[in-house]
Amino acid sequence: MLKIAIVIFREFLEIAILLGIVLAATKSLSGRIQYIIAGVLIGVVGASVLAFFTTQLAMAFGGFGDEIFDVGVILLTVFVLGWTAVWMRGYSSQIKEEVSLVASRIAKGNAHKVILTLIVAGTIFREGSEVVLFIYSFSSSQSLSGEQYLLGFAIGSLGGLVVGSALYMGLLKFAARYIFKVCFVLLILIAAGLAAEAAGILTSIGFITVLTQPAWDSSWFVADQSIFGKLLKILVGYESKPNLMQLVFYCGTIGILCISSHFRSRKFTLKQ
Amino acid sequence: MADEIFEVEIKIKNHVFEPSEIEIPSGHKLKLIVHNMDETIEEFESFDLKREKIVPPGGKIKIILAPLMPGKYEFFGEFHQETAKGFLNVK
């Protein structure tokens, strides 16, 4: 039971943290709830479908099917997270304007809400299929009673929910004044970390063959498997042994997003 | 010969990798074939190899790796981390 709870918690942690930050960042977006629910539904359905096609997917693209697919989903997430960060930047530079004016401008387009749906769906999709497979396998092997297994699932998912909500409320309460800045920085770091993860897979399968030398080894300081290491991985993309190409992807993402947000906030200042 | 693929078979039995220590010559592409002999699902995961892959109960997966530099590369089973541990020793 405890084992199920731990595995489920670990899988849900990333979903919870990312959603907590994204939801805090988009707090001011009115009518976003439907879009979030749509994202959750698409994500859950997608993850379940993916779980059943895992074997076929693995065989695709000369045995690299799921790696290529992973990289695709990760890079899409990087893109939508980056979009959100850049969009927030433009919005926050206007915060000094009248609130109603800002609200009416945001209400003009649904693009940001669709992006929100994409983020929610993509995140659940990425981590969720593992949860589905894990539960399915556990229930079919019948090594545990249904009750124990439900309890494990409940405790694990509740734990994830608590962490996500705590982060969400903590950000709103303690970082209220700096909420845009804090979320902006967090989103960019998460996006950069994911880009580095994609680079890691691409170098590991041999699609990228340059700059594969390890940059450093800090596993003596913070191990990847430790809870702290895991948290750092989700929040800032920590890896104890990154290679040079991963650093290029990491810094490149930060650079591109900072430059785009700079231009976006300047565009808004000029308009006024 | 960098193009030559070095193949390694690993079994997961009672949530333990067999063999758990594997010696490999450097400079070769690698193909790890992981068989899951258990009735439960496992995920082959490695931070050092930067890969993770679900291994269904009774199933097998292939993991192809670009040539590795000499060193120790740890891997583990994500769903049974206490027992399912091993490493590649690239020389």
# chains A, B, ... in the order shown; residues from 1 in each chain; ligands from 1
>>> interface_residues(of="chain A", to="chain B", cutoff="9 Å", atoms="only C-alpha atoms", output="MDAnalysis selection string")
chainID A and resid 3:4 7 54:55 58 63:64 66:67 130 133:134 136:138 140:141 197 200:201 203:207 209 213 224:225 239:242
>>> select_by_dssp(residues="segment 22-54 of chain B", states="strand (DSSP E)", output="list in words")
Ile22, Glu23, Ile24, Lys29, Leu30, Lys31, Leu32, Ile33, Val34, His35, Asn36, Glu42, Glu43, Phe44, Glu45, Ser46, Arg51, Glu52, Lys53 and Ile54 of chain B
>>> atom_distance(atom1="atom CA of Leu76 of chain A", atom2="atom CA of Leu57 of chain A")
18.4 Å
>>> residues_around(residues="Gly122 of chain A", least_positions_apart="6", cutoff="12 Å", atoms="only C-alpha atoms", output="PDB file with N, CA and C atoms, in the first residue's frame")
ATOM      1  N   GLU A  14       5.365  16.183 -10.060  1.00  0.00           N
ATOM      2  CA  GLU A  14       5.714  17.092 -11.149  1.00  0.00           C
ATOM      3  C   GLU A  14       4.474  17.782 -11.699  1.00  0.00           C
ATOM      4  N   ILE A  15       3.402  17.000 -11.868  1.00  0.00           N
ATOM      5  CA  ILE A  15       2.145  17.574 -12.356  1.00  0.00           C
ATOM      6  C   ILE A  15       1.693  18.661 -11.386  1.00  0.00           C
ATOM      7  N   LEU A  18       4.020  21.934 -11.333  1.00  0.00           N
ATOM      8  CA  LEU A  18       3.894  22.729 -12.552  1.00  0.00           C
ATOM      9  C   LEU A  18       2.527  23.417 -12.603  1.00  0.00           C
ATOM     10  N   LEU A  19       1.482  22.669 -12.297  1.00  0.00           N
ATOM     11  CA  LEU A  19       0.144  23.257 -12.358  1.00  0.00           C
ATOM     12  C   LEU A  19      -0.019  24.343 -11.296  1.00  0.00           C
ATOM     13  N   ILE A  36      -9.092  24.972 -17.925  1.00  0.00           N
ATOM     14  CA  ILE A  36      -8.252  24.079 -17.115  1.00  0.00           C
ATOM     15  C   ILE A  36      -8.881  22.698 -17.061  1.00  0.00           C
ATOM     16  N   ALA A  38     -10.911  21.399 -19.224  1.00  0.00           N
ATOM     17  CA  ALA A  38     -10.730  20.793 -20.551  1.00  0.00           C
ATOM     18  C   ALA A  38      -9.335  20.190 -20.650  1.00  0.00           C
ATOM     19  N   GLY A  39      -8.328  20.921 -20.147  1.00  0.00           N
ATOM     20  CA  GLY A  39      -6.952  20.431 -20.184  1.00  0.00           C
ATOM     21  C   GLY A  39      -6.793  19.147 -19.394  1.00  0.00           C
ATOM     22  N   VAL A  40      -7.415  19.105 -18.198  1.00  0.00           N
ATOM     23  CA  VAL A  40      -7.333  17.912 -17.346  1.00  0.00           C
ATOM     24  C   VAL A  40      -7.949  16.715 -18.085  1.00  0.00           C
ATOM     25  N   LEU A  41      -9.135  16.933 -18.676  1.00  0.00           N
ATOM     26  CA  LEU A  41      -9.818  15.831 -19.366  1.00  0.00           C
ATOM     27  C   LEU A  41      -8.999  15.329 -20.551  1.00  0.00           C
ATOM     28  N   ILE A  42      -8.528  16.261 -21.373  1.00  0.00           N
ATOM     29  CA  ILE A  42      -7.725  15.864 -22.541  1.00  0.00           C
ATOM     30  C   ILE A  42      -6.482  15.100 -22.075  1.00  0.00           C
ATOM     31  N   GLY A  43      -5.849  15.617 -21.020  1.00  0.00           N
ATOM     32  CA  GLY A  43      -4.638  14.978 -20.499  1.00  0.00           C
ATOM     33  C   GLY A  43      -4.902  13.563 -20.013  1.00  0.00           C
ATOM     34  N   VAL A  44      -5.972  13.386 -19.245  1.00  0.00           N
ATOM     35  CA  VAL A  44      -6.276  12.063 -18.682  1.00  0.00           C
ATOM     36  C   VAL A  44      -6.616  11.077 -19.796  1.00  0.00           C
ATOM     37  N   VAL A  45      -7.466  11.508 -20.738  1.00  0.00           N
ATOM     38  CA  VAL A  45      -7.832  10.625 -21.853  1.00  0.00           C
ATOM     39  C   VAL A  45      -6.589  10.297 -22.675  1.00  0.00           C
ATOM     40  N   GLY A  46      -5.804  11.323 -22.985  1.00  0.00           N
ATOM     41  CA  GLY A  46      -4.590  11.123 -23.780  1.00  0.00           C
ATOM     42  C   GLY A  46      -3.635  10.153 -23.109  1.00  0.00           C
ATOM     43  N   ALA A  47      -3.440  10.324 -21.789  1.00  0.00           N
ATOM     44  CA  ALA A  47      -2.514   9.465 -21.050  1.00  0.00           C
ATOM     45  C   ALA A  47      -3.000   8.012 -21.070  1.00  0.00           C
ATOM     46  N   ASP A  70       8.591  11.408 -26.724  1.00  0.00           N
ATOM     47  CA  ASP A  70       8.902  12.131 -25.479  1.00  0.00           C
ATOM     48  C   ASP A  70       9.491  13.504 -25.781  1.00  0.00           C
ATOM     49  N   GLY A  72       9.231  15.230 -28.438  1.00  0.00           N
ATOM     50  CA  GLY A  72       8.210  16.083 -29.036  1.00  0.00           C
ATOM     51  C   GLY A  72       7.315  16.712 -27.985  1.00  0.00           C
ATOM     52  N   VAL A  73       6.828  15.882 -27.056  1.00  0.00           N
ATOM     53  CA  VAL A  73       5.927  16.396 -26.019  1.00  0.00           C
ATOM     54  C   VAL A  73       6.668  17.379 -25.109  1.00  0.00           C
ATOM     55  N   ILE A  74       7.925  17.049 -24.769  1.00  0.00           N
ATOM     56  CA  ILE A  74       8.700  17.936 -23.894  1.00  0.00           C
ATOM     57  C   ILE A  74       8.912  19.292 -24.567  1.00  0.00           C
ATOM     58  N   LEU A  75       9.306  19.267 -25.854  1.00  0.00           N
ATOM     59  CA  LEU A  75       9.582  20.534 -26.535  1.00  0.00           C
ATOM     60  C   LEU A  75       8.309  21.359 -26.700  1.00  0.00           C
ATOM     61  N   LEU A  76       7.178  20.686 -26.906  1.00  0.00           N
ATOM     62  CA  LEU A  76       5.901  21.406 -26.996  1.00  0.00           C
ATOM     63  C   LEU A  76       5.604  22.086 -25.655  1.00  0.00           C
ATOM     64  N   THR A  77       5.881  21.366 -24.554  1.00  0.00           N
ATOM     65  CA  THR A  77       5.668  21.947 -23.230  1.00  0.00           C
ATOM     66  C   THR A  77       6.588  23.153 -23.025  1.00  0.00           C
ATOM     67  N   VAL A  78       7.836  23.038 -23.464  1.00  0.00           N
ATOM     68  CA  VAL A  78       8.770  24.158 -23.361  1.00  0.00           C
ATOM     69  C   VAL A  78       8.185  25.365 -24.096  1.00  0.00           C
ATOM     70  N   PHE A  79       7.647  25.108 -25.276  1.00  0.00           N
ATOM     71  CA  PHE A  79       7.092  26.188 -26.089  1.00  0.00           C
ATOM     72  C   PHE A  79       5.906  26.864 -25.384  1.00  0.00           C
ATOM     73  N   VAL A  80       4.964  26.081 -24.880  1.00  0.00           N
ATOM     74  CA  VAL A  80       3.784  26.696 -24.266  1.00  0.00           C
ATOM     75  C   VAL A  80       4.130  27.380 -22.939  1.00  0.00           C
ATOM     76  N   LEU A  81       5.073  26.803 -22.194  1.00  0.00           N
ATOM     77  CA  LEU A  81       5.500  27.456 -20.949  1.00  0.00           C
ATOM     78  C   LEU A  81       6.202  28.778 -21.267  1.00  0.00           C
ATOM     79  N   VAL A 114      -6.376  28.896 -24.411  1.00  0.00           N
ATOM     80  CA  VAL A 114      -6.129  27.640 -25.132  1.00  0.00           C
ATOM     81  C   VAL A 114      -4.735  27.127 -24.773  1.00  0.00           C
ATOM     82  N   ILE A 115      -3.791  28.051 -24.668  1.00  0.00           N
ATOM     83  CA  ILE A 115      -2.433  27.679 -24.264  1.00  0.00           C
ATOM     84  C   ILE A 115      -2.466  27.046 -22.872  1.00  0.00           C
ATOM     85  N   LEU A 116      -3.314  27.625 -22.014  1.00  0.00           N
ATOM     86  CA  LEU A 116      -3.452  27.087 -20.656  1.00  0.00           C
ATOM     87  C   LEU A 116      -3.948  25.641 -20.706  1.00  0.00           C
ATOM     88  N   GLY A 128       1.154  11.180 -16.774  1.00  0.00           N
ATOM     89  CA  GLY A 128      -0.025  10.366 -16.469  1.00  0.00           C
ATOM     90  C   GLY A 128      -0.015   8.952 -17.028  1.00  0.00           C
ATOM     91  N   SER A 129       0.576   8.765 -18.210  1.00  0.00           N
ATOM     92  CA  SER A 129       0.500   7.433 -18.818  1.00  0.00           C
ATOM     93  C   SER A 129       1.259   6.415 -17.969  1.00  0.00           C
TER      94      SER A 129
END
>>> select_by_dssp(residues="segment 90-264 of chain A", states="helix (DSSP H, G or I)", output="MDAnalysis selection string")
chainID A and resid 90:93 99:108 111:141 146:174 176:204 227:236 244:264
>>> atom_distance(atom1="atom CA of Ile17 of chain A", atom2="atom CA of Thr83 of chain B")
28.3 Å
>>> closest_residue(among="B:Phe87, B:Phe6, B:Tyr73, B:Phe44", to="Pro25 of chain B", atoms="only C-alpha atoms")
B:Phe6
>>> residues_around(residues="Ile10 of chain B", least_positions_apart="5", cutoff="10 Å", atoms="only C-alpha atoms", output="PDB file with N, CA and C atoms, in the first residue's frame")
ATOM      1  N   PHE B  17      17.853  -6.754 -10.860  1.00  0.00           N
ATOM      2  CA  PHE B  17      18.454  -6.867 -12.193  1.00  0.00           C
ATOM      3  C   PHE B  17      19.467  -8.002 -12.219  1.00  0.00           C
ATOM      4  N   GLU B  18      19.448  -8.773 -13.306  1.00  0.00           N
ATOM      5  CA  GLU B  18      20.417  -9.856 -13.488  1.00  0.00           C
ATOM      6  C   GLU B  18      21.006  -9.761 -14.884  1.00  0.00           C
ATOM      7  N   PRO B  19      22.253  -9.508 -15.082  1.00  0.00           N
ATOM      8  CA  PRO B  19      23.232  -9.141 -14.051  1.00  0.00           C
ATOM      9  C   PRO B  19      23.028  -7.685 -13.622  1.00  0.00           C
ATOM     10  N   SER B  20      23.556  -7.361 -12.469  1.00  0.00           N
ATOM     11  CA  SER B  20      23.392  -5.988 -12.011  1.00  0.00           C
ATOM     12  C   SER B  20      24.649  -5.148 -12.273  1.00  0.00           C
ATOM     13  N   GLU B  21      25.776  -5.850 -12.543  1.00  0.00           N
ATOM     14  CA  GLU B  21      26.996  -5.127 -12.925  1.00  0.00           C
ATOM     15  C   GLU B  21      27.404  -5.610 -14.306  1.00  0.00           C
ATOM     16  N   ILE B  22      27.527  -4.699 -15.236  1.00  0.00           N
ATOM     17  CA  ILE B  22      27.823  -5.099 -16.601  1.00  0.00           C
ATOM     18  C   ILE B  22      29.041  -4.338 -17.115  1.00  0.00           C
ATOM     19  N   LEU B  32      20.770  -2.286 -25.102  1.00  0.00           N
ATOM     20  CA  LEU B  32      20.379  -2.999 -23.882  1.00  0.00           C
ATOM     21  C   LEU B  32      19.027  -3.623 -24.141  1.00  0.00           C
ATOM     22  N   ILE B  33      18.933  -4.902 -23.893  1.00  0.00           N
ATOM     23  CA  ILE B  33      17.634  -5.563 -24.003  1.00  0.00           C
ATOM     24  C   ILE B  33      17.222  -5.942 -22.585  1.00  0.00           C
ATOM     25  N   VAL B  34      16.129  -5.349 -22.126  1.00  0.00           N
ATOM     26  CA  VAL B  34      15.699  -5.582 -20.751  1.00  0.00           C
ATOM     27  C   VAL B  34      14.442  -6.442 -20.745  1.00  0.00           C
ATOM     28  N   HIS B  35      14.554  -7.626 -20.128  1.00  0.00           N
ATOM     29  CA  HIS B  35      13.410  -8.545 -20.026  1.00  0.00           C
ATOM     30  C   HIS B  35      12.796  -8.400 -18.642  1.00  0.00           C
ATOM     31  N   ASN B  36      11.500  -8.317 -18.597  1.00  0.00           N
ATOM     32  CA  ASN B  36      10.831  -8.284 -17.291  1.00  0.00           C
ATOM     33  C   ASN B  36      10.175  -9.637 -17.040  1.00  0.00           C
ATOM     34  N   LYS B  60       9.643  -7.214 -22.981  1.00  0.00           N
ATOM     35  CA  LYS B  60      11.037  -6.756 -23.082  1.00  0.00           C
ATOM     36  C   LYS B  60      11.093  -5.443 -23.847  1.00  0.00           C
TER      37      LYS B  60
END
>>> closest_residue(among="A:Ile68, A:Cys183, A:Ile208, A:Ile135", to="Val86 of chain A", atoms="only C-alpha atoms")
A:Cys183
>>> residues_around(residues="segment 32-35 of chain A", least_positions_apart="4", cutoff="12 Å", atoms="only C-alpha atoms", output="list in words")
Val22, Leu23, Ala24, Ala25, Thr26, Lys27, Ser28, Gly39, Val40, Leu41, Ile42, Ile106, Ala107, Asn110, Ala111, His112, Lys113, Val114, Ile115, Leu116, Thr117, Leu118, Ile119, Val120 and Ala121 of chain A
>>> closest_residue(among="B:Lys11, B:Gly71, B:Gly77, B:Ala84", to="Glu23 of chain B", atoms="only C-alpha atoms")
B:Gly71
>>> residues_around(residues="segment 161-170 of chain A", least_positions_apart="2", cutoff="6 Å", atoms="only C-alpha atoms", output="list in words")
Ala16, Ile17, Gly20, Ala24, Leu158, Gly159, Leu172, Lys173 and Phe174 of chain A
>>> write_last_selection(atoms="C-alpha atoms", output="PDB file, in the first residue's frame")
ATOM      1  CA  ALA A  16       1.212  19.254  -9.053  1.00  0.00           C
ATOM      2  CA  ILE A  17       4.166  21.644  -8.943  1.00  0.00           C
ATOM      3  CA  GLY A  20       0.459  25.118  -9.043  1.00  0.00           C
ATOM      4  CA  ALA A  24      -0.856  31.089  -9.833  1.00  0.00           C
ATOM      5  CA  LEU A 158      -3.726  13.477  -2.150  1.00  0.00           C
ATOM      6  CA  GLY A 159      -0.083  14.094  -1.259  1.00  0.00           C
ATOM      7  CA  LEU A 172      -0.499  33.969  -4.053  1.00  0.00           C
ATOM      8  CA  LYS A 173      -0.116  34.805  -0.383  1.00  0.00           C
ATOM      9  CA  PHE A 174       3.570  35.412   0.141  1.00  0.00           C
TER      10      PHE A 174
END
>>> atom_distance(atom1="atom CA of Lys13 of chain B", atom2="atom CA of Leu2 of chain A")
21.5 Å
